[in-house]
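Engineer: query.txt is the file, holding compact mmCIF, C-alpha atoms and all ligand atoms:
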# COMPACT_ATOMS: atom_id res chain seq x y z
CA MET A 27 0.00 0.00 0.00
CA ILE A 28 1.41 3.37 -1.00
CA VAL A 29 1.16 6.04 1.71
CA PHE A 30 0.78 9.51 0.18
CA LYS A 31 2.32 12.44 2.04
CA SER A 32 0.78 15.88 2.58
CA PRO A 33 2.83 19.01 1.89
CA ALA A 34 3.33 19.36 5.67
CA GLU A 35 4.69 15.83 5.88
CA ILE A 36 6.97 16.47 2.91
CA GLU A 37 8.31 19.49 4.80
CA LEU A 38 9.11 17.24 7.79
CA MET A 39 10.79 14.79 5.45
CA ARG A 40 12.91 17.62 4.07
CA ARG A 41 14.26 18.15 7.60
CA ALA A 42 15.17 14.49 7.94
CA GLY A 43 16.69 14.64 4.47
CA PHE A 44 18.80 17.65 5.40
CA VAL A 45 20.32 15.73 8.32
CA VAL A 46 21.21 12.88 5.95
CA TRP A 47 22.81 15.36 3.55
CA GLN A 48 24.85 16.90 6.39
CA ALA A 49 26.10 13.49 7.47
CA LEU A 50 27.09 12.56 3.90
CA GLU A 51 28.92 15.88 3.51
CA ARG A 52 30.91 15.33 6.69
CA VAL A 53 31.74 11.76 5.77
CA GLY A 54 32.80 12.90 2.30
CA GLN A 55 35.13 15.52 3.79
CA ALA A 56 36.72 12.87 6.01
CA ILE A 57 37.38 10.31 3.27
CA ARG A 58 41.10 9.86 2.64
CA PRO A 59 43.57 6.99 2.42
CA GLY A 60 44.06 5.40 5.85
CA ILE A 61 40.72 6.26 7.47
CA THR A 62 38.73 3.22 8.58
CA THR A 63 35.16 2.61 7.57
CA LEU A 64 34.22 2.52 11.28
CA GLU A 65 35.61 6.04 11.72
CA LEU A 66 33.28 7.16 8.92
CA ASP A 67 30.40 5.47 10.73
CA ALA A 68 31.22 7.44 13.91
CA ILE A 69 31.31 10.74 12.01
CA ALA A 70 27.90 10.06 10.47
CA GLU A 71 26.35 8.93 13.74
CA GLU A 72 27.64 12.01 15.60
CA THR A 73 26.30 14.32 12.90
CA ILE A 74 22.90 12.65 12.89
CA ARG A 75 22.55 12.69 16.70
CA ALA A 76 23.82 16.28 16.99
CA ALA A 77 20.90 17.28 14.75
CA GLY A 78 18.46 15.58 17.12
CA ALA A 79 17.81 12.71 14.74
CA GLU A 80 18.56 9.00 14.94
CA PRO A 81 20.45 6.75 12.56
CA SER A 82 17.68 4.64 11.06
CA PHE A 83 19.88 1.76 9.90
CA LYS A 84 21.16 0.93 13.39
CA GLY A 85 19.30 -2.15 14.60
CA TYR A 86 17.27 -2.42 11.38
CA HIS A 87 16.84 -6.20 11.03
CA GLY A 88 19.84 -6.42 13.33
CA TYR A 89 22.10 -4.18 11.22
CA PRO A 90 25.01 -3.27 13.54
CA ALA A 91 26.02 0.23 12.36
CA SER A 92 24.70 3.68 11.46
CA ILE A 93 25.72 3.69 7.82
CA CYS A 94 26.62 1.26 5.06
CA VAL A 95 30.12 1.59 3.60
CA SER A 96 30.74 -0.48 0.48
CA VAL A 97 34.21 -0.50 -1.10
CA ASN A 98 35.03 -1.26 -4.78
CA GLU A 99 33.24 -4.52 -5.76
CA GLN A 100 30.95 -4.20 -2.74
CA VAL A 101 27.59 -2.97 -4.05
CA ILE A 102 25.64 -2.06 -0.91
CA HIS A 103 25.22 -2.92 2.78
CA GLY A 104 28.94 -3.08 3.59
CA ILE A 105 29.35 -3.12 7.39
CA PRO A 106 31.77 -0.53 8.82
CA GLY A 107 34.82 -2.05 10.47
CA ASP A 108 38.58 -1.74 10.78
CA ARG A 109 39.24 -1.77 7.02
CA LYS A 110 41.35 1.21 6.03
CA LEU A 111 40.48 2.97 2.80
CA ALA A 112 43.31 3.02 0.27
CA GLU A 113 44.23 5.39 -2.55
CA GLY A 114 42.35 4.28 -5.67
CA ASP A 115 39.34 2.79 -3.84
CA ILE A 116 35.82 3.91 -4.55
CA VAL A 117 33.54 3.87 -1.54
CA SER A 118 29.74 3.95 -1.49
CA VAL A 119 28.29 5.50 1.65
CA ASP A 120 24.58 5.06 2.41
CA VAL A 121 23.03 7.11 5.23
CA GLY A 122 19.57 7.02 6.78
CA ALA A 123 18.14 9.20 9.54
CA VAL A 124 14.77 9.54 11.21
CA LEU A 125 13.67 12.91 12.61
CA ASP A 126 10.26 13.60 14.15
CA GLY A 127 9.02 10.27 12.83
CA TYR A 128 10.05 10.74 9.19
CA HIS A 129 12.93 9.15 7.31
CA GLY A 130 15.54 10.39 4.88
CA ASP A 131 17.80 8.06 2.88
CA SER A 132 20.65 8.98 0.55
CA ALA A 133 23.87 7.51 -0.79
CA ARG A 134 26.90 8.63 -2.77
CA THR A 135 30.03 6.95 -4.10
CA PHE A 136 33.26 8.79 -3.31
CA ALA A 137 36.76 8.44 -4.74
CA VAL A 138 39.63 7.84 -2.32
CA GLY A 139 42.46 9.95 -3.73
CA ALA A 140 43.17 9.35 -7.41
CA VAL A 141 41.10 6.54 -8.95
CA SER A 142 41.14 4.81 -12.35
CA SER A 143 39.40 6.36 -15.34
CA LEU A 144 36.97 3.41 -15.32
CA ALA A 145 36.08 4.16 -11.69
CA ARG A 146 35.59 7.85 -12.47
CA LYS A 147 33.35 7.03 -15.42
CA LEU A 148 31.32 4.54 -13.35
CA MET A 149 30.73 7.11 -10.60
CA ARG A 150 29.82 9.83 -13.09
CA VAL A 151 27.43 7.63 -15.08
CA THR A 152 25.73 6.29 -11.93
CA GLU A 153 25.14 9.81 -10.62
CA GLU A 154 23.83 10.78 -14.07
CA CYS A 155 21.48 7.77 -13.89
CA LEU A 156 20.07 9.11 -10.62
CA MET A 157 19.66 12.62 -12.05
CA ALA A 158 17.94 11.22 -15.18
CA ALA A 159 15.56 9.24 -12.97
CA ILE A 160 14.76 12.28 -10.84
CA GLU A 161 14.09 14.31 -13.99
CA VAL A 162 11.29 11.90 -15.00
CA ALA A 163 9.88 11.55 -11.46
CA ARG A 164 6.85 13.63 -12.38
CA VAL A 165 3.09 13.33 -11.97
CA GLY A 166 1.74 11.19 -14.81
CA MET A 167 5.00 9.37 -15.47
CA THR A 168 5.41 5.77 -14.28
CA LEU A 169 7.81 3.65 -12.26
CA GLY A 170 8.80 2.08 -15.59
CA ASP A 171 9.88 5.50 -16.84
CA ILE A 172 12.16 5.86 -13.80
CA GLY A 173 13.64 2.41 -14.31
CA TYR A 174 14.09 2.99 -18.03
CA ALA A 175 15.88 6.30 -17.41
CA VAL A 176 18.42 4.52 -15.19
CA GLN A 177 18.83 1.38 -17.26
CA SER A 178 19.15 3.04 -20.65
CA HIS A 179 21.82 5.48 -19.47
CA ALA A 180 23.83 2.80 -17.64
CA GLU A 181 23.70 0.27 -20.48
CA SER A 182 24.44 2.78 -23.23
CA ASN A 183 27.68 3.45 -21.33
CA GLY A 184 28.56 -0.26 -21.23
CA PHE A 185 27.56 -0.79 -17.60
CA SER A 186 24.79 -2.86 -16.02
CA VAL A 187 22.16 -2.17 -13.36
CA VAL A 188 21.69 -4.35 -10.30
CA ARG A 189 18.29 -6.07 -10.30
CA ASP A 190 18.36 -7.88 -6.96
CA PHE A 191 18.04 -4.63 -4.99
CA VAL A 192 15.67 -1.78 -5.74
CA GLY A 193 14.64 1.65 -4.50
CA HIS A 194 11.54 2.10 -2.37
CA GLY A 195 8.85 4.35 -1.02
CA ILE A 196 9.84 6.14 2.19
CA GLY A 197 8.05 8.08 4.91
CA ARG A 198 7.23 7.06 8.47
CA HIS A 199 9.05 3.86 7.56
CA MET A 200 12.41 3.61 5.82
CA HIS A 201 11.00 1.06 3.39
CA GLU A 202 7.48 1.55 2.07
CA ASP A 203 5.71 0.63 -1.15
CA PRO A 204 6.26 0.89 -4.03
CA ALA A 205 9.43 -0.93 -5.06
CA VAL A 206 11.42 1.30 -7.43
CA PRO A 207 13.44 -0.88 -9.83
CA ASN A 208 16.40 0.53 -11.72
CA TYR A 209 15.21 -1.17 -14.89
CA GLY A 210 11.95 -0.97 -16.78
CA ARG A 211 10.05 0.03 -19.86
CA PRO A 212 8.61 3.45 -20.62
CA GLY A 213 4.97 3.81 -19.61
CA GLN A 214 4.85 0.58 -17.62
CA GLY A 215 4.22 0.13 -13.91
CA ARG A 216 2.42 2.39 -11.47
CA ARG A 217 1.67 5.94 -12.37
CA LEU A 218 3.36 8.60 -10.20
CA ARG A 219 1.00 10.76 -8.15
CA PRO A 220 1.48 13.87 -5.99
CA GLY A 221 2.49 12.95 -2.45
CA MET A 222 4.50 9.86 -3.36
CA VAL A 223 7.96 9.99 -1.83
CA LEU A 224 10.54 7.64 -3.34
CA ALA A 225 14.10 6.66 -2.48
CA ILE A 226 15.56 6.32 -5.98
CA GLU A 227 18.86 4.47 -5.80
CA PRO A 228 20.63 3.20 -8.90
CA MET A 229 23.33 0.59 -8.23
CA VAL A 230 25.48 0.24 -11.34
CA ASN A 231 28.16 -2.37 -12.00
CA ALA A 232 31.12 -1.94 -14.34
CA GLY A 233 30.72 -5.62 -15.32
CA SER A 234 27.62 -7.77 -15.32
CA HIS A 235 24.60 -7.22 -13.11
CA GLY A 236 24.87 -10.29 -10.88
CA VAL A 237 25.40 -9.81 -7.16
CA GLU A 238 25.78 -12.11 -4.17
CA VAL A 239 25.62 -11.59 -0.43
CA LEU A 240 28.69 -12.48 1.65
CA SER A 241 28.62 -14.76 4.71
CA ASP A 242 28.15 -11.74 7.01
CA ASN A 243 24.60 -11.85 5.58
CA TRP A 244 24.74 -8.15 4.63
CA THR A 245 27.52 -7.17 2.24
CA ALA A 246 26.37 -7.46 -1.38
CA VAL A 247 29.22 -7.78 -3.91
CA THR A 248 29.37 -8.10 -7.68
CA ARG A 249 29.62 -11.75 -8.71
CA ASP A 250 32.29 -10.97 -11.28
CA GLY A 251 34.32 -8.80 -8.89
CA SER A 252 33.77 -5.69 -11.01
CA LEU A 253 33.47 -2.22 -9.46
CA SER A 254 30.04 -0.96 -8.39
CA ALA A 255 28.66 2.51 -7.62
CA HIS A 256 25.52 3.67 -5.80
CA PHE A 257 23.80 7.05 -5.70
CA GLU A 258 20.51 7.66 -3.90
CA HIS A 259 18.18 10.56 -3.11
CA THR A 260 14.85 10.78 -1.34
CA VAL A 261 12.51 12.47 -3.84
CA ALA A 262 8.97 13.82 -3.41
CA ILE A 263 6.60 13.77 -6.39
CA THR A 264 4.67 17.07 -6.39
CA GLU A 265 2.42 19.02 -8.76
CA ASN A 266 5.43 21.30 -9.26
CA GLY A 267 7.76 18.47 -10.23
CA PRO A 268 10.29 16.36 -8.34
CA VAL A 269 11.65 17.77 -5.08
CA VAL A 270 14.91 16.25 -3.81
CA LEU A 271 14.57 16.11 0.00
CA THR A 272 18.15 14.99 0.69
CA LEU A 273 19.75 18.24 -0.50
CA PRO A 274 19.95 21.56 1.38
N1 LIG B 1 19.59 2.60 2.64
C1 LIG B 1 19.31 1.23 2.40
C2 LIG B 1 18.19 1.19 1.44
O1 LIG B 1 18.02 2.11 0.73
C3 LIG B 1 18.98 0.52 3.64
C4 LIG B 1 20.14 0.07 4.39
S1 LIG B 1 19.80 -1.43 5.08
C5 LIG B 1 20.25 -1.28 6.68
O2 LIG B 1 17.44 0.27 1.33
F1 LIG B 1 20.02 -2.35 7.26
F2 LIG B 1 21.50 -0.94 6.73
F3 LIG B 1 19.53 -0.36 7.24
CO CO B 2 17.17 3.37 0.28
Re-express the file's structure as structure tokens.
Structural biologist:
Amino acid sequence: MIVFKSPAEIELMRRAGFVVWQALERVGQAIRPGITTLELDAIAEETIRAAGAEPSFKGYHGYPASICVSVNEQVIHGIPGDRKLAEGDIVSVDVGAVLDGYHGDSARTFAVGAVSSLARKLMRVTEECLMAAIEVARVGMTLGDIGYAVQSHAESNGFSVVRDFVGHGIGRHMHEDPAVPNYGRPGQGRRLRPGMVLAIEPMVNAGSHGVEVLSDNWTAVTRDGSLSAHFEHTVAITENGPVVLTLP
């Protein structure tokens, strides 16, 4: 069941989204060779709590940390730990916060120092996939239009989109209906209506689309070991067009 949000609720979600943006900014400023992924987790958690919010991932189905930190061939849900980032890594950071009962959810992939041209292209194209999806997140368009925007841009650049994980509705719960796949056909699927709020989150692999989950039961990696990138925003569908809630 899709829960539609009023303009007042969307305003509350903007506040949660701002906290998520702040945490991602601070984590991004801290990323450098030698920092551990657990140190990044601490920075995000401090930022979220200082804003009066709570990290929504912590304890979610037993998840042990405040953020997900996924390095190189890790796609999503990497658990922070004592791994040190190294020059040339790419690192996907996913942050969720809940403030006054409403959730924000956003992710970005960062470069650690100088990275390969393939890594740079993968990050750029994945972010472009997210922007293309947001551009079509308009009343009267469909979930298939969003998926098609992501898939067509990724594949025309020689990359592939992950199918085993999808975006989602978001509101009083981090995960609500509908599922928001990163693949699809124009005009297919549910029609977008004012008051829908979606976490749109393309995960794009440099190689093939297959993923598997490691024995920690969380970390998803590419099956072929290829690099993966992840960008996500929480986006409200309004009569005036898409509104990105996880930006200032
Ligand atoms: N941000 C992720 C998503 O978009 C959720 C992280 S799963 C958690 O679905 F367990 F870490 F919370
Ligand atoms: Co999400």
Engineer: Set the distance at 7 Å and use all atoms listed in the file: which residues neighbour A:Arg249 once local chain neighbours fewer than 4 positions away are removed? I'd like the list as number ranges by chain.
Structural biologist: A: 236-238
Engineer: Just the residues within 9 Å of stretch 212-223 of chain A, please, counting only C-alpha atoms, with nothing from its chain fewer than 5 positions along; format it as an MDAnalysis selection string.
Structural biologist: chainID A and resid 28:33 36 163:175 194:197 204 260:265 267
Engineer: Set the cut-off to 6 Å, count only C-alpha atoms and all ligand atoms, and list whatever residues fall near ligand LIG 1 (chain B) as a ChimeraX atom specification.
Structural biologist: /A:83,86,89,94,103,120,131
Engineer: For the residues selected in the previous step, produce a file with C-alpha atoms as a CSV table (one decimal), in the frame of the given file.
Structural biologist:
chain,number,residue,atom,x,y,z
A,83,PHE,CA,19.9,1.8,9.9
A,86,TYR,CA,17.3,-2.4,11.4
A,89,TYR,CA,22.1,-4.2,11.2
A,94,CYS,CA,26.6,1.3,5.1
A,103,HIS,CA,25.2,-2.9,2.8
A,120,ASP,CA,24.6,5.1,2.4
A,131,ASP,CA,17.8,8.1,2.9
Engineer: Looking at A:Met149, A:Leu253, A:Val138, A:Val269, which one is nearest to A:Gln100, with distances taken over all atoms listed in the file?
Structural biologist: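 Nearest candidate to A:Gln100 out of A:Met149, A:Leu253, A:Val138, A:Val269: A:Leu253.
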Engineer: Around ligand CO 2 (chain B), which protein and nucleic acid residues have at least one atom no more than 9 Å from it, if we count only C-alpha atoms and all ligand atoms? List them as a JSON list (two decimals) with C-alpha atoms, in the frame of the given file.
Structural biologist:
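Result file follows (result11.json):
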[["chain", "number", "residue", "atom", "x", "y", "z"],
["A", 120, "ASP", "CA", 24.58, 5.06, 2.41],
["A", 121, "VAL", "CA", 23.03, 7.11, 5.23],
["A", 122, "GLY", "CA", 19.57, 7.02, 6.78],
["A", 130, "GLY", "CA", 15.54, 10.39, 4.88],
["A", 131, "ASP", "CA", 17.80, 8.06, 2.88],
["A", 132, "SER", "CA", 20.65, 8.98, 0.55],
["A", 133, "ALA", "CA", 23.87, 7.51, -0.79],
["A", 192, "VAL", "CA", 15.67, -1.78, -5.74],
["A", 193, "GLY", "CA", 14.64, 1.65, -4.50],
["A", 194, "HIS", "CA", 11.54, 2.10, -2.37],
["A", 195, "GLY", "CA", 8.85, 4.35, -1.02],
["A", 196, "ILE", "CA", 9.84, 6.14, 2.19],
["A", 200, "MET", "CA", 12.41, 3.61, 5.82],
["A", 201, "HIS", "CA", 11.00, 1.06, 3.39],
["A", 224, "LEU", "CA", 10.54, 7.64, -3.34],
["A", 225, "ALA", "CA", 14.10, 6.66, -2.48],
["A", 226, "ILE", "CA", 15.56, 6.32, -5.98],
["A", 227, "GLU", "CA", 18.86, 4.47, -5.80],
["A", 258, "GLU", "CA", 20.51, 7.66, -3.90],
["A", 259, "HIS", "CA", 18.18, 10.56, -3.11],
["A", 260, "THR", "CA", 14.85, 10.78, -1.34]]
Engineer: Hey, which of A:His129, A:Arg146, A:His199, A:Lys84 ends up closest to A:Thr272? Count only C-alpha atoms.
Structural biologist: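 Selected residue with least distance to A:Thr272: A:His129.
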Engineer: Grab the atom CA of A:Val101 to atom CA of A:Val188 distance for me, in Å with one decimal place.
Structural biologist: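 So the two atoms, atom CA of A:Val101 and atom CA of A:Val188, lie 8.7 Å apart.
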Engineer: Just checking: using all atoms listed in the file, which residue out of A:Val187, A:Met27, A:Leu111, A:Met39 ends up closest to A:Val151?
Structural biologist: A:Val187
Engineer: For A:Arg189, which residue out of A:Met229, A:Cys155, A:Ala42, A:Leu271 is the nearest one, using all atoms listed in the file?
Structural biologist: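 For A:Arg189, the nearest of the given residues is A:Met229.
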Engineer: Using only C-alpha atoms for the distances, tell me which of A:His179, A:Arg109, A:Arg198, A:Arg211 is nearest to A:Pro228.
Structural biologist: A:His179
Engineer: Work out how far atom CA of A:Asp115 is from atom CA of A:Arg150, in Å to one decimal.
Structural biologist: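 Atom CA of A:Asp115 lies at a distance of 15.0 Å from atom CA of A:Arg150.
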Engineer: Return the single residue from A:Leu64, A:Ala77, A:Ala145, A:Ile69 that is closest to A:Val95, with distances computed using all atoms listed in the file.
Structural biologist: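 Counting all atoms listed in the file, the residue closest to A:Val95 is A:Leu64.
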Engineer: What's the separation between atom CA of A:Ser82 and atom CA of A:Ala180, in Å to one decimal place?
Structural biologist: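 Pair atom CA of A:Ser82 / atom CA of A:Ala180 returns 29.4 Å.
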Engineer: Find the spatial neighbours of stretch 231-234 of chain A, counting all atoms listed in the file, within a cut-off of 7 Å - ignore same-chain residues fewer than 5 positions away - and output them as a PyMOL selection string.
Structural biologist: chain A and resi 148+185-188+250+252-255
Engineer: Could the residues in this selection be written to a file with C-alpha atoms, as a short mmCIF file (atom, residue, chain, number, x, y, z; two decimals), in the frame of the given file?
Structural biologist:
data_model
loop_
_atom_site.label_atom_id
_atom_site.label_comp_id
_atom_site.auth_asym_id
_atom_site.auth_seq_id
_atom_site.Cartn_x
_atom_site.Cartn_y
_atom_site.Cartn_z
CA LEU A 148 31.32 4.54 -13.35
CA PHE A 185 27.56 -0.79 -17.60
CA SER A 186 24.79 -2.86 -16.02
CA VAL A 187 22.16 -2.17 -13.36
CA VAL A 188 21.69 -4.35 -10.30
CA ASP A 250 32.29 -10.97 -11.28
CA SER A 252 33.77 -5.69 -11.01
CA LEU A 253 33.47 -2.22 -9.46
CA SER A 254 30.04 -0.96 -8.39
CA ALA A 255 28.66 2.51 -7.62
#
Engineer: Using only C-alpha atoms, which residues sit within 7 Å of A:Ile116 once same-chain residues fewer than 4 positions away are excluded, as a JSON list (two decimals) with C-alpha atoms, keeping the file's coordinate frame?
Structural biologist:
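Now in around-v8.json:
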[["chain", "number", "residue", "atom", "x", "y", "z"],
["A", 97, "VAL", "CA", 34.21, -0.50, -1.10],
["A", 98, "ASN", "CA", 35.03, -1.26, -4.78],
["A", 135, "THR", "CA", 30.03, 6.95, -4.10],
["A", 136, "PHE", "CA", 33.26, 8.79, -3.31],
["A", 137, "ALA", "CA", 36.76, 8.44, -4.74],
["A", 138, "VAL", "CA", 39.63, 7.84, -2.32]]
Engineer: Please put the answer as AutoDock Vina command-line options: centre and edge lengths, in Å with one decimal, of a box along x, y and z that encloses all listed atoms of stretch 79-98 of chain A plus 4 Å on each side.
Structural biologist:
--center_x 25.9 --center_y 3.1 --center_z 5.1 --size_x 26.2 --size_y 27.1 --size_z 27.7
Engineer: Please work out which residues fall within 12 Å of (16.5, 9.1, 18.8), coordinates as given in the file, with all atoms listed in the file counting, and return them as a list in words.
Structural biologist: Glu71, Glu72, Ile74, Arg75, Ala76, Ala77, Gly78, Ala79, Glu80, Pro81, Ser82, Lys84, Ala123, Val124, Leu125, Asp126, Gly127 and Tyr128 of chain A
